[in-house]
Each structure stands twice: as structure tokens, then as C-alpha cells.
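Asks: One file is attached below, structure_26.tsv, containing TSV, C-alpha atoms.
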chain	number	residue	atom	x	y	z
A	56	MET	CA	42.91	-58.99	10.01
A	57	LEU	CA	43.17	-55.19	9.87
A	58	ASN	CA	46.46	-55.31	11.80
A	59	LEU	CA	47.81	-57.77	9.23
A	60	LEU	CA	46.91	-55.44	6.37
A	61	ILE	CA	48.39	-52.42	8.08
A	62	SER	CA	51.64	-54.21	8.89
A	63	ALA	CA	51.88	-55.54	5.32
A	64	ALA	CA	51.40	-52.10	3.77
A	65	PRO	CA	54.67	-50.37	2.90
A	66	ALA	CA	55.53	-47.23	4.80
A	67	VAL	CA	55.40	-44.02	2.80
A	68	GLY	CA	57.67	-41.05	2.99
A	69	ALA	CA	61.07	-40.44	4.49
A	70	ASN	CA	62.28	-44.03	4.51
A	71	GLY	CA	62.55	-44.09	0.72
A	72	MET	CA	59.37	-45.94	-0.19
A	73	ARG	CA	57.32	-44.69	-3.12
A	74	LEU	CA	54.03	-42.92	-2.67
A	75	PHE	CA	52.20	-45.07	-5.23
A	76	ALA	CA	53.47	-48.36	-6.59
A	77	VAL	CA	51.95	-47.87	-10.04
A	78	GLY	CA	55.04	-47.24	-12.15
A	79	LEU	CA	55.96	-44.54	-14.62
A	80	SER	CA	54.01	-46.07	-17.53
A	81	SER	CA	50.82	-46.07	-15.48
A	82	LEU	CA	51.38	-42.45	-14.52
A	83	ALA	CA	51.98	-41.58	-18.19
A	84	LEU	CA	48.78	-43.34	-19.21
A	85	THR	CA	46.76	-41.56	-16.53
A	86	LEU	CA	48.20	-38.11	-17.19
A	87	GLY	CA	47.76	-38.62	-20.94
A	88	ALA	CA	44.09	-39.42	-20.43
A	89	ILE	CA	43.68	-36.35	-18.22
A	90	LEU	CA	45.33	-34.17	-20.87
A	91	ILE	CA	42.99	-35.51	-23.54
A	92	MET	CA	40.03	-34.74	-21.28
A	93	ALA	CA	41.43	-31.23	-20.79
A	94	ILE	CA	41.68	-30.38	-24.49
A	95	ARG	CA	38.25	-31.87	-25.19
A	96	ARG	CA	36.78	-29.87	-22.26
A	97	LYS	CA	34.36	-32.67	-21.38
A	98	SER	CA	35.17	-33.08	-17.69
A	99	ALA	CA	34.22	-30.31	-15.27
A	100	PRO	CA	36.90	-31.12	-12.64
A	101	VAL	CA	39.62	-31.35	-15.28
A	102	LYS	CA	38.40	-28.18	-16.97
A	103	LYS	CA	38.52	-26.39	-13.63
A	104	VAL	CA	42.16	-27.36	-13.02
A	105	LEU	CA	43.58	-27.50	-16.57
A	106	GLY	CA	41.20	-25.20	-18.44
A	107	ASP	CA	43.83	-22.46	-18.58
A	108	ALA	CA	46.35	-22.79	-21.43
A	109	ARG	CA	49.36	-22.13	-19.18
A	110	ARG	CA	48.38	-24.76	-16.63
A	111	LEU	CA	47.76	-27.22	-19.43
A	112	GLY	CA	51.16	-26.35	-20.90
A	113	GLY	CA	52.81	-27.04	-17.55
A	114	ALA	CA	51.07	-30.39	-17.29
A	115	ALA	CA	52.16	-31.16	-20.87
A	116	VAL	CA	55.79	-30.44	-19.97
A	117	VAL	CA	55.51	-32.85	-17.04
A	118	PHE	CA	53.91	-35.40	-19.39
A	119	GLY	CA	56.81	-35.04	-21.84
A	120	VAL	CA	59.36	-35.65	-19.10
A	121	LEU	CA	57.29	-38.54	-17.75
A	122	CYS	CA	57.07	-40.21	-21.16
A	123	VAL	CA	60.82	-40.03	-21.68
A	124	MET	CA	61.41	-41.52	-18.26
A	125	ALA	CA	58.82	-44.28	-18.77
A	126	GLY	CA	60.60	-45.38	-21.93
A	127	GLY	CA	59.29	-47.74	-24.58
A	128	THR	CA	56.29	-46.58	-26.55
A	129	TRP	CA	55.80	-43.58	-24.28
A	130	ARG	CA	59.28	-42.32	-25.14
A	131	VAL	CA	58.65	-42.81	-28.86
A	132	ILE	CA	55.39	-40.83	-28.64
A	133	ALA	CA	57.00	-37.93	-26.76
A	134	GLU	CA	60.08	-37.83	-28.98
A	135	GLY	CA	57.82	-37.90	-32.06
A	136	VAL	CA	55.91	-34.87	-30.80
A	137	HIS	CA	59.23	-33.17	-30.02
A	138	ASP	CA	60.60	-33.95	-33.48
A	139	ILE	CA	57.51	-32.54	-35.18
A	140	SER	CA	57.45	-29.40	-33.04
A	141	ALA	CA	61.18	-28.74	-33.39
A	142	SER	CA	61.71	-29.92	-37.00
A	143	THR	CA	61.47	-26.44	-38.51
A	144	LEU	CA	64.11	-25.04	-36.17
A	145	ALA	CA	66.45	-27.98	-36.72
A	146	ASP	CA	66.50	-27.33	-40.48
A	147	PRO	CA	69.71	-25.38	-41.23
A	148	ASN	CA	68.00	-23.67	-44.19
A	149	VAL	CA	65.38	-22.12	-41.89
A	150	ALA	CA	67.28	-21.26	-38.72
A	151	GLY	CA	70.94	-22.14	-38.95
A	152	GLY	CA	72.91	-22.57	-35.76
A	153	VAL	CA	69.99	-23.20	-33.39
A	154	THR	CA	71.26	-25.25	-30.46
A	155	PRO	CA	69.27	-27.78	-28.42
A	156	ALA	CA	69.01	-25.15	-25.67
A	157	GLY	CA	67.63	-22.70	-28.23
A	158	ILE	CA	65.00	-25.22	-29.28
A	159	ALA	CA	64.10	-25.79	-25.61
A	160	LEU	CA	63.81	-22.03	-25.08
A	161	PHE	CA	61.65	-21.60	-28.17
A	162	LEU	CA	59.31	-24.47	-27.29
A	163	THR	CA	58.98	-23.22	-23.72
A	164	ALA	CA	58.20	-19.70	-24.94
A	165	VAL	CA	55.52	-20.82	-27.42
A	166	THR	CA	54.01	-23.05	-24.75
A	167	PHE	CA	53.56	-20.38	-22.09
A	168	LEU	CA	53.63	-16.89	-23.65
A	169	PRO	CA	50.88	-16.75	-26.32
A	170	GLU	CA	47.23	-16.40	-25.39
A	171	TRP	CA	46.16	-19.70	-26.93
A	172	GLN	CA	42.47	-20.05	-27.73
A	173	LYS	CA	42.73	-23.73	-28.62
A	174	LEU	CA	44.25	-25.89	-25.91
A	175	PHE	CA	45.82	-28.30	-28.39
A	176	TRP	CA	48.76	-25.98	-29.08
A	177	PRO	CA	50.09	-25.55	-25.53
A	178	LEU	CA	49.66	-29.31	-25.11
A	179	PHE	CA	51.62	-30.02	-28.29
A	180	PHE	CA	54.42	-27.55	-27.66
A	181	GLY	CA	54.56	-28.40	-23.94
A	182	ILE	CA	55.24	-32.08	-24.62
A	183	GLY	CA	57.98	-31.06	-27.04
A	184	ALA	CA	59.41	-28.66	-24.44
A	185	GLY	CA	59.51	-31.38	-21.78
A	186	VAL	CA	61.52	-33.64	-24.08
A	187	SER	CA	63.79	-30.83	-25.22
A	188	TRP	CA	64.66	-29.86	-21.63
A	189	GLY	CA	66.30	-33.25	-21.19
A	190	ILE	CA	68.18	-32.93	-24.47
A	191	ALA	CA	69.35	-29.36	-23.87
A	192	GLY	CA	70.94	-29.88	-20.46
A	193	GLY	CA	72.16	-26.87	-18.51
A	194	SER	CA	69.42	-24.93	-16.73
A	195	PHE	CA	66.78	-26.82	-18.68
A	196	GLY	CA	68.42	-30.07	-17.62
A	197	ILE	CA	68.14	-29.05	-13.97
A	198	LEU	CA	64.39	-28.52	-14.42
A	199	TYR	CA	64.13	-31.85	-16.25
A	200	ASP	CA	66.01	-33.67	-13.49
A	201	LEU	CA	63.90	-31.99	-10.78
A	202	ILE	CA	60.63	-33.01	-12.43
A	203	GLY	CA	62.03	-36.48	-13.10
A	204	ALA	CA	63.06	-36.97	-9.48
A	205	MET	CA	59.61	-35.95	-8.24
A	206	LEU	CA	57.94	-38.31	-10.71
A	207	GLU	CA	60.17	-41.21	-9.69
A	208	ARG	CA	59.23	-40.64	-6.06
A	209	LEU	CA	55.57	-40.54	-7.01
A	210	ALA	CA	55.67	-43.74	-9.06
Could the structure of this file be written out as C-alpha cells, please?

Replies:
Amino acid sequence: MLNLLISAAPAVGANGMRLFAVGLSSLALTLGAILIMAIRRKSAPVKKVLGDARRLGGAAVVFGVLCVMAGGTWRVIAEGVHDISASTLADPNVAGGVTPAGIALFLTAVTFLPEWQKLFWPLFFGIGAGVSWGIAGGSFGILYDLIGAMLERLA
């Protein structure tokens, strides 16, 4: 019986099989729950790993990319966060001539550079940064594609 299970299990790794067969939406759901636990600071293991604002911001960027890739409702959620976080810069009366790459740079800077006391802000700006990297293209697009490729292999 054990030999049957082992032979039926897909191989993992170099032959192109995925590490987990859960899908991008399942990964988005799981990472979203972990991020909520991190900002609420209710889980000791999560607090240990994502208790720092910069680490949480990095995980939020990955979550933003993951949501866009998962599509559907996840994409709408991530793009909504991006639109709210970037809406001031997109207004020509506030900051005329800001390009998508400029918005990506700004959101990345406000995610990682300030010493945030509340973890909500790096989470919020990090999700927006992850979405904006895909929109901006260029160097940000390379980072977006790299994260996306790793997530596709994981899912």
C-alpha cells in the first residue's frame, strides 16, 4: 500500500512539478490570514517572524503580487488597496507628472524606510507596492516577475 502511495505521488523539483498543488488563491488566502495575525500580534510564531515592520512590508509586497496573479476577487482587493494608496499621487493637482514607476518607488519607500510603530501601514503600502511593481515595469517589473515566477512554482 505504501509503495502505491509513493508511486502515485508526483515528483517535486527539477522535472517541473509544483511544490504544493494548492493553487495561487489558496496561497493568497493563507498569506492573507498570516498577515492579519501579524498586525494583530496574537500569534507568537508569526510575531517572531513578521513582528518587524520591514519584514511585514516584504511579505505584504509578496501578497500584493500573489493577489494580482491569483486573479478574481484577490486581484480586485489588491488593486483596491493600490488605488487607495496611490490615489493622491495620481491626482494631477497634487503631484503632476508622476509616472507609474514613480508611484512604485514612492510606495516602496514608504513601505520600508519609515520606522513604523503600527504594523498596518507597512502592510497597506506594501500591498500597494506589490501591485504597482507590475504596473510600472522596468526594474520593478523584473522584481514582480521574479516574485511571480517563484510563487507559480510554489503553487

Asks: Which residues are close to His137 of chain A, i.e. within 8 Å by all atoms listed in the file, leaving aside same-chain residues fewer than 2 positions away? Reply as a list of chain:residue names.

Replies: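 Contacts, with the query itself left out: A:Ala133, A:Glu134, A:Gly135, A:Ile139, A:Ser140, A:Ala141, A:Phe180, A:Ile182, A:Gly183, A:Ala184, A:Val186, A:Ser187.
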
Asks: Would you mind listing what lies within 10 Å of Leu121 of chain A as a list in words, with all atoms listed in the file counted and same-chain residues fewer than 5 positions away left out?

Replies: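 Close residues of Leu121 of chain A: Leu79, Ser80, Leu82, Ala83, Leu84, Leu86, Ala115, Val116, Gly126, Trp129, Arg130, Ala133, Ile182, Gly185, Val186, Tyr199, Ile202, Gly203, Leu206 and Glu207 of chain A.
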
Asks: Taking all atoms listed in the file into account, which of A:Leu162, A:Ala88, A:Val77, A:Val120 comes nearest Asp200 of chain A?

Replies: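 Using all atoms listed in the file, Asp200 of chain A sits closest to A:Val120.
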
Asks: May I ask which of the residues A:Arg96, A:Gly127, A:Gly112, A:Leu209 is the closest one to Ala164 of chain A, counting only C-alpha atoms?

Replies: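 Answer, going by the shortest atom-to-atom distance: A:Gly112.
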
Asks: One number please: atom CA of Glu170 of chain A to atom CA of Ala108 of chain A, in Å, one decimal.

Replies: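 For atom CA of Glu170 of chain A relative to atom CA of Ala108 of chain A, the distance reads 7.6 Å.
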
Asks: Point out the residue among A:Thr128, A:Ser194, A:Ser98, A:Ser142 with the least atom-to-atom distance to Ile158 of chain A, counting only C-alpha atoms.

Replies: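 Ranking A:Thr128, A:Ser194, A:Ser98, A:Ser142 by distance to Ile158 of chain A, first place goes to A:Ser142.
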
Asks: Hey, can I get the axis-aligned box for segment 124-131 of chain A? All listed atoms, 8 Å padding on each side, centre and edge lengths in Å to one decimal, as JSON.

Replies:
{"center_x": 58.6, "center_y": -44.6, "center_z": -23.6, "size_x": 21.6, "size_y": 22.2, "size_z": 26.6}

Asks: Can you tell me how far atom CA of Phe175 of chain A sits from atom CA of Ile197 of chain A, in Å to one decimal?

Replies: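 Computing the Euclidean distance for atom CA of Phe175 of chain A and atom CA of Ile197 of chain A yields 26.6 Å.
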
Asks: Mind checking which residues fall within 9 Å of Ile190 of chain A, counting only C-alpha atoms, ignoring those fewer than 5 positions away in the same chain, and posting them as number ranges by chain?

Replies: A: 155-156, 159, 195-196

Asks: Just the number, please: distance in Å from atom CA of Ala93 of chain A to atom CA of Leu111 of chain A, one decimal.

Replies: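 We find that atom CA of Ala93 of chain A and atom CA of Leu111 of chain A lie 7.6 Å from each other.
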